[in-house]
Structures are given as structure tokens and as C-alpha cells.
$ cat coords.pdb   # PDB, C-alpha atoms
ATOM      1  CA  MET R   4     -72.828 -63.298-106.181
ATOM      2  CA  ASN R   5     -71.819 -65.115-109.314
ATOM      3  CA  GLU R   6     -68.224 -66.221-109.753
ATOM      4  CA  LEU R   7     -67.173 -63.153-111.757
ATOM      5  CA  ALA R   8     -68.643 -60.776-109.197
ATOM      6  CA  ILE R   9     -66.822 -62.595-106.429
ATOM      7  CA  TYR R  10     -63.539 -62.292-108.295
ATOM      8  CA  CYS R  11     -64.138 -58.577-108.926
ATOM      9  CA  PHE R  12     -64.782 -58.094-105.234
ATOM     10  CA  MET R  13     -61.700 -60.093-104.292
ATOM     11  CA  ALA R  14     -59.533 -58.088-106.656
ATOM     12  CA  LEU R  15     -60.403 -54.940-104.721
ATOM     13  CA  LYS R  16     -58.770 -56.292-101.598
ATOM     14  CA  LYS R  17     -55.114 -56.649-100.855
ATOM     15  CA  TYR R  18     -54.260 -60.089 -99.657
ATOM     16  CA  MET R  19     -51.582 -60.069 -97.050
ATOM     17  CA  ALA R  20     -49.163 -62.959 -97.251
ATOM     18  CA  ASP R  21     -48.627 -63.054 -93.524
ATOM     19  CA  GLN R  22     -50.318 -60.690 -91.109
ATOM     20  CA  ASN R  23     -47.698 -61.413 -88.483
ATOM     21  CA  ASN R  24     -44.820 -60.594 -90.774
ATOM     22  CA  ARG R  25     -43.366 -57.123 -90.256
ATOM     23  CA  LEU R  26     -43.171 -56.769 -94.008
ATOM     24  CA  SER R  27     -46.813 -57.604 -94.555
ATOM     25  CA  GLY R  28     -47.915 -53.978 -94.782
ATOM     26  CA  GLN R  29     -46.458 -53.888 -98.273
ATOM     27  CA  ALA R  30     -47.019 -57.511 -99.186
ATOM     28  CA  TYR R  31     -48.098 -57.956-102.776
ATOM     29  CA  ASP R  32     -50.115 -61.027-103.357
ATOM     30  CA  ILE R  33     -52.796 -62.415-105.636
ATOM     31  CA  ALA R  34     -55.202 -65.057-104.366
ATOM     32  CA  ALA R  35     -57.525 -65.340-107.372
ATOM     33  CA  PRO R  36     -57.839 -64.080-110.931
ATOM     34  CA  GLY R  37     -60.080 -61.065-111.233
ATOM     35  CA  PHE R  38     -60.646 -57.585-112.559
ATOM     36  CA  LYS R  39     -60.128 -54.244-110.951
ATOM     37  CA  TYR R  40     -62.839 -51.959-112.301
ATOM     38  CA  ASN R  41     -62.608 -49.410-109.568
ATOM     39  CA  MET R  42     -61.521 -46.220-111.343
ATOM     40  CA  MET R  43     -63.870 -43.505-110.238
ATOM     41  CA  ASP R  44     -65.006 -40.333-111.977
ATOM     42  CA  ILE R  45     -63.086 -38.189-109.524
ATOM     43  CA  GLN R  46     -59.894 -40.078-110.359
ATOM     44  CA  ALA R  47     -60.514 -39.626-114.072
ATOM     45  CA  ALA R  48     -61.115 -35.902-113.547
ATOM     46  CA  LEU R  49     -57.840 -35.528-111.671
ATOM     47  CA  GLY R  50     -56.007 -37.539-114.299
ATOM     48  CA  LEU R  51     -57.326 -35.382-117.121
ATOM     49  CA  HIS R  52     -55.867 -32.297-115.505
ATOM     50  CA  GLN R  53     -52.546 -34.000-114.778
ATOM     51  CA  LEU R  54     -52.059 -35.149-118.348
ATOM     52  CA  PRO R  55     -50.721 -31.784-119.599
ATOM     53  CA  ASN R  56     -47.958 -32.098-116.970
ATOM     54  CA  LEU R  57     -47.013 -35.630-117.934
ATOM     55  CA  SER R  58     -43.869 -34.664-119.822
ATOM     56  CA  GLN R  59     -42.455 -32.725-116.900
ATOM     57  CA  TYR R  60     -43.353 -35.501-114.462
ATOM     58  CA  ILE R  61     -41.424 -37.982-116.599
ATOM     59  CA  GLU R  62     -38.544 -35.557-117.047
ATOM     60  CA  ARG R  63     -38.248 -35.165-113.279
ATOM     61  CA  ARG R  64     -38.319 -38.943-112.833
ATOM     62  CA  ARG R  65     -35.457 -39.208-115.330
ATOM     63  CA  GLU R  66     -33.476 -36.594-113.412
ATOM     64  CA  LEU R  67     -33.940 -38.480-110.152
ATOM     65  CA  ALA R  68     -33.127 -41.835-111.736
ATOM     66  CA  GLY R  69     -30.016 -40.261-113.232
ATOM     67  CA  ARG R  70     -28.951 -39.023-109.808
ATOM     68  CA  TYR R  71     -29.374 -42.484-108.281
ATOM     69  CA  LEU R  72     -27.433 -44.043-111.150
ATOM     70  CA  THR R  73     -24.631 -41.494-110.977
ATOM     71  CA  ILE R  74     -24.184 -41.325-107.220
ATOM     72  CA  MET R  75     -24.361 -45.094-106.680
ATOM     73  CA  ALA R  76     -22.573 -46.084-109.875
ATOM     74  CA  ASP R  77     -19.590 -47.607-108.088
ATOM     75  CA  TRP R  78     -21.398 -49.187-105.140
ATOM     76  CA  PRO R  79     -20.482 -52.879-105.019
ATOM     77  CA  GLU R  80     -23.383 -53.444-102.597
ATOM     78  CA  LEU R  81     -25.961 -52.895-105.339
ATOM     79  CA  ILE R  82     -26.813 -54.105-108.800
ATOM     80  CA  LEU R  83     -28.340 -51.052-110.447
ATOM     81  CA  PRO R  84     -31.147 -51.336-112.976
ATOM     82  CA  PRO R  85     -29.993 -51.437-116.596
ATOM     83  CA  ILE R  86     -30.645 -48.292-118.563
ATOM     84  CA  GLY R  87     -31.259 -50.053-121.854
ATOM     85  CA  ALA R  88     -30.802 -48.843-125.387
ATOM     86  CA  ASP R  89     -33.571 -46.247-125.227
ATOM     87  CA  ALA R  90     -32.632 -44.297-122.101
ATOM     88  CA  ASN R  91     -34.504 -41.225-123.285
ATOM     89  CA  GLY R  92     -37.697 -43.237-123.586
ATOM     90  CA  HIS R  93     -37.600 -44.562-120.028
ATOM     91  CA  ALA R  94     -40.412 -43.301-117.797
ATOM     92  CA  TRP R  95     -38.824 -44.712-114.603
ATOM     93  CA  HIS R  96     -42.134 -45.866-113.209
ATOM     94  CA  LEU R  97     -39.944 -47.762-110.727
ATOM     95  CA  PHE R  98     -36.310 -47.561-109.771
ATOM     96  CA  ALA R  99     -35.547 -51.089-108.698
ATOM     97  CA  PRO R 100     -31.968 -52.052-107.892
ATOM     98  CA  ARG R 101     -30.956 -55.385-106.381
ATOM     99  CA  LEU R 102     -28.896 -56.130-103.334
ATOM    100  CA  ALA R 103     -25.611 -57.781-104.169
ATOM    101  CA  PRO R 104     -25.693 -60.374-101.359
ATOM    102  CA  ASP R 105     -21.953 -60.991-101.201
ATOM    103  CA  ALA R 106     -21.099 -57.317-101.112
ATOM    104  CA  ALA R 107     -23.848 -55.958 -98.907
ATOM    105  CA  GLY R 108     -23.276 -58.129 -95.833
ATOM    106  CA  ILE R 109     -26.916 -57.708 -94.876
ATOM    107  CA  GLY R 110     -29.977 -59.743 -95.748
ATOM    108  CA  TRP R 111     -32.832 -58.414 -97.809
ATOM    109  CA  ASP R 112     -35.358 -58.538 -94.930
ATOM    110  CA  ASP R 113     -33.032 -56.697 -92.572
ATOM    111  CA  PHE R 114     -32.266 -54.126 -95.231
ATOM    112  CA  ILE R 115     -35.943 -53.371 -95.850
ATOM    113  CA  ILE R 116     -36.669 -53.124 -92.130
ATOM    114  CA  ARG R 117     -33.711 -50.844 -91.453
ATOM    115  CA  MET R 118     -34.657 -48.572 -94.344
ATOM    116  CA  ARG R 119     -38.180 -48.345 -92.967
ATOM    117  CA  ASP R 120     -36.776 -47.621 -89.535
ATOM    118  CA  ALA R 121     -35.043 -44.660 -91.223
ATOM    119  CA  HIS R 122     -38.510 -43.578 -92.431
ATOM    120  CA  ILE R 123     -37.818 -44.532 -96.026
ATOM    121  CA  GLY R 124     -40.564 -46.407 -97.810
ATOM    122  CA  ILE R 125     -39.208 -49.278 -99.837
ATOM    123  CA  GLY R 126     -41.357 -50.973-102.452
ATOM    124  CA  LEU R 127     -41.372 -54.708-103.018
ATOM    125  CA  HIS R 128     -41.548 -54.865-106.807
ATOM    126  CA  TYR R 129     -41.980 -57.648-107.566
ATOM    127  CA  PRO R 130     -42.112 -60.920-105.680
ATOM    128  CA  GLN R 131     -42.089 -64.066-107.772
ATOM    129  CA  CYS R 132     -45.614 -64.898-108.869
ATOM    130  CA  ILE R 133     -45.060 -68.641-108.554
ATOM    131  CA  ASN R 134     -45.472 -68.206-104.805
ATOM    132  CA  PHE R 135     -48.886 -66.574-105.134
ATOM    133  CA  PRO R 136     -51.849 -68.768-104.208
ATOM    134  CA  ILE R 137     -53.152 -68.240-107.743
ATOM    135  CA  THR R 138     -50.300 -70.355-109.097
ATOM    136  CA  PRO R 139     -51.231 -74.029-108.751
ATOM    137  CA  ASP R 140     -49.077 -76.753-107.304
ATOM    138  CA  THR R 141     -45.992 -74.811-106.400
ATOM    139  CA  GLN R 142     -43.623 -76.316-103.943
TER
ATOM    140  CA  MET U  22     -46.250 -78.561-111.602
ATOM    141  CA  ILE U  23     -43.794 -75.726-111.055
ATOM    142  CA  LYS U  24     -40.877 -76.284-108.736
ATOM    143  CA  THR U  25     -39.101 -73.276-107.355
ATOM    144  CA  THR U  26     -35.846 -74.675-108.666
ATOM    145  CA  ASP U  27     -37.193 -74.378-112.206
ATOM    146  CA  LEU U  28     -36.759 -70.601-112.124
ATOM    147  CA  PRO U  29     -33.397 -69.806-110.519
ATOM    148  CA  HIS U  30     -33.083 -66.346-112.088
ATOM    149  CA  THR U  31     -36.601 -65.361-111.056
ATOM    150  CA  GLU U  32     -35.924 -66.580-107.539
ATOM    151  CA  SER U  33     -32.624 -64.793-107.300
ATOM    152  CA  ILE U  34     -34.072 -61.483-108.465
ATOM    153  CA  SER U  35     -37.196 -61.774-106.342
ATOM    154  CA  ASP U  36     -35.063 -62.350-103.246
ATOM    155  CA  THR U  37     -32.876 -59.286-103.799
ATOM    156  CA  ILE U  38     -34.919 -56.649-105.634
ATOM    157  CA  PHE U  39     -36.539 -53.595-104.062
ATOM    158  CA  SER U  40     -37.639 -50.195-105.286
ATOM    159  CA  LEU U  41     -36.433 -46.836-104.044
ATOM    160  CA  PRO U  42     -38.526 -43.679-103.691
ATOM    161  CA  LEU U  43     -38.937 -42.059-107.095
ATOM    162  CA  TYR U  44     -41.735 -39.646-107.878
ATOM    163  CA  PRO U  45     -41.872 -36.162-109.369
ATOM    164  CA  ASP U  46     -42.287 -34.324-106.056
ATOM    165  CA  LEU U  47     -39.247 -36.002-104.486
ATOM    166  CA  THR U  48     -36.642 -33.317-103.821
ATOM    167  CA  ASN U  49     -32.900 -33.700-104.326
ATOM    168  CA  ASP U  50     -32.408 -33.272-100.586
ATOM    169  CA  GLU U  51     -34.851 -36.072 -99.847
ATOM    170  CA  GLN U  52     -33.146 -38.289-102.392
ATOM    171  CA  ASP U  53     -29.769 -37.501-100.835
ATOM    172  CA  TYR U  54     -31.205 -38.570 -97.467
ATOM    173  CA  VAL U  55     -32.332 -41.881 -98.978
ATOM    174  CA  ILE U  56     -28.901 -42.482-100.503
ATOM    175  CA  ALA U  57     -27.070 -41.548 -97.300
ATOM    176  CA  ALA U  58     -29.265 -43.833 -95.184
ATOM    177  CA  MET U  59     -28.786 -46.680 -97.614
ATOM    178  CA  GLY U  60     -25.026 -46.177 -97.637
ATOM    179  CA  LYS U  61     -24.965 -46.355 -93.858
ATOM    180  CA  ILE U  62     -27.108 -49.500 -93.707
ATOM    181  CA  LEU U  63     -25.014 -51.222 -96.376
ATOM    182  CA  ASN U  64     -21.750 -50.086 -94.775
ATOM    183  CA  HIS U  65     -20.791 -48.362 -97.974
ATOM    184  CA  VAL U  66     -17.538 -46.442 -97.571
TER
END

$ encode --input "coords.pdb" --output "C-alpha cells"
Amino acid sequence: MNELAIYCFMALKKYMADQNNRLSGQAYDIAAPGFKYNMMDIQAALGLHQLPNLSQYIERRRELAGRYLTIMADWPELILPPIGADANGHAWHLFAPRLAPDAAGIGWDDFIIRMRDAHIGIGLHYPQCINFPITPDTQ
Amino acid sequence: MIKTTDLPHTESISDTIFSLPLYPDLTNDEQDYVIAAMGKILNHV
């Protein structure tokens, strides 16, 4: 394989930061620059038929984000995501609050594990890219 | 060379951020379960 083909192949694989880490199932990591040309016809066909529903998908996401923001508005344990000036234009692709370390009394790792123990999938979006192997000479 | 101390805000956010379930098929009841579980874990009163 030439270099580009190798990078394309590598980009198809998820690189786990630490296979022994309990969090590694969701680890997000990049080991090399590459391209991810793996959209298939069947995915495109499904997407075409979902497009007409896009507005209602986004509207439902806004409802759910609004519920999170309203219900947890006064929680000192969390720093909620900012809504921004254009709240009506927000697609809420992610809802990513932050733990307020002083208020929460629990570490981030323990929090993630305990949420997963409660059968709630927590996303790790996003770790700092300077710790990825792709970033040279970090320390 | 990048030192981790060069990016204190990035580090701080990366160490505390997470994303909660949010997708169109999520029901209000399921979301309430997520919030209740989180409140219990964080000792929210």
C-alpha cells in the first residue's frame, strides 16, 4: 500500500488510548492523519429518505436540550452549555455540560463510570487533541 | 513543542466535559431517568 492508502485504512479503525482502561470503549483518539471515505450507497439511500424529516429531528433535539437546560438550570454541580445568540439556529448535535469540580464532589472518571453503571451512555466529546499521537512532541 | 501548560482552558474543559444522551427518539421519560440518575450521582439536592 502507498502512504495515502495506509492512512485511509488507518482512519477506518478506532484507536483505543488504553485497552485496559474501563473508559477505553469510548476512547476517541487519532494516531495518524487520514481520510474516511467509507460512506456506502445504503447509507446514502437511508439519508436521502431521512432528509425530509430533518426539521422535526432538529426541533425534537431543541425540545430535549431545552428540558435539560430548564431542569438543571440551578444545579451548582454542572456548568451547562451556553445557548448563544442564535438559540433558534442551534441543532444540538451534542449536549455537552461540564462538571463543576468544586461543587460536584466527584471526579470525572468516577462520574462517567457511575453513569454507565446506571445504563446511561455518556459521550466523551472532546478530549484535548494535543494528547493524540498525531500531535508531535507533547509532554 | 506544545506543553500541556500552554493550554490551560483546553485542559480544564477536556478534563470536565461530557455529553448527555440527546437524539430525536429519546423520550421525556428516558431523559428524566438520565437527569434523576445524574442528580443522585452528583448528590444534587

$ interface_residues --input "coords.pdb" --of "chain R" --to "chain U" --cutoff "8 Å" --atoms "all atoms listed in the file" --output "PyMOL selection string"
chain R and resi 60-61+63-64+67-68+71+78+80+95-104+107-109+111+114+117-118+121+123-131+133+139-142

$ atom_distance --input "coords.pdb" --atom1 "CA of His122 (chain R)" --atom2 "CA of Leu72 (chain R)"
21.8 Å

$ atom_distance --input "coords.pdb" --atom1 "CA of Ile74 (chain R)" --atom2 "CA of His30 (chain U)"
27.0 Å

$ atom_distance --input "coords.pdb" --atom1 "CA of Gly69 (chain R)" --atom2 "CA of Ile86 (chain R)"
9.7 Å
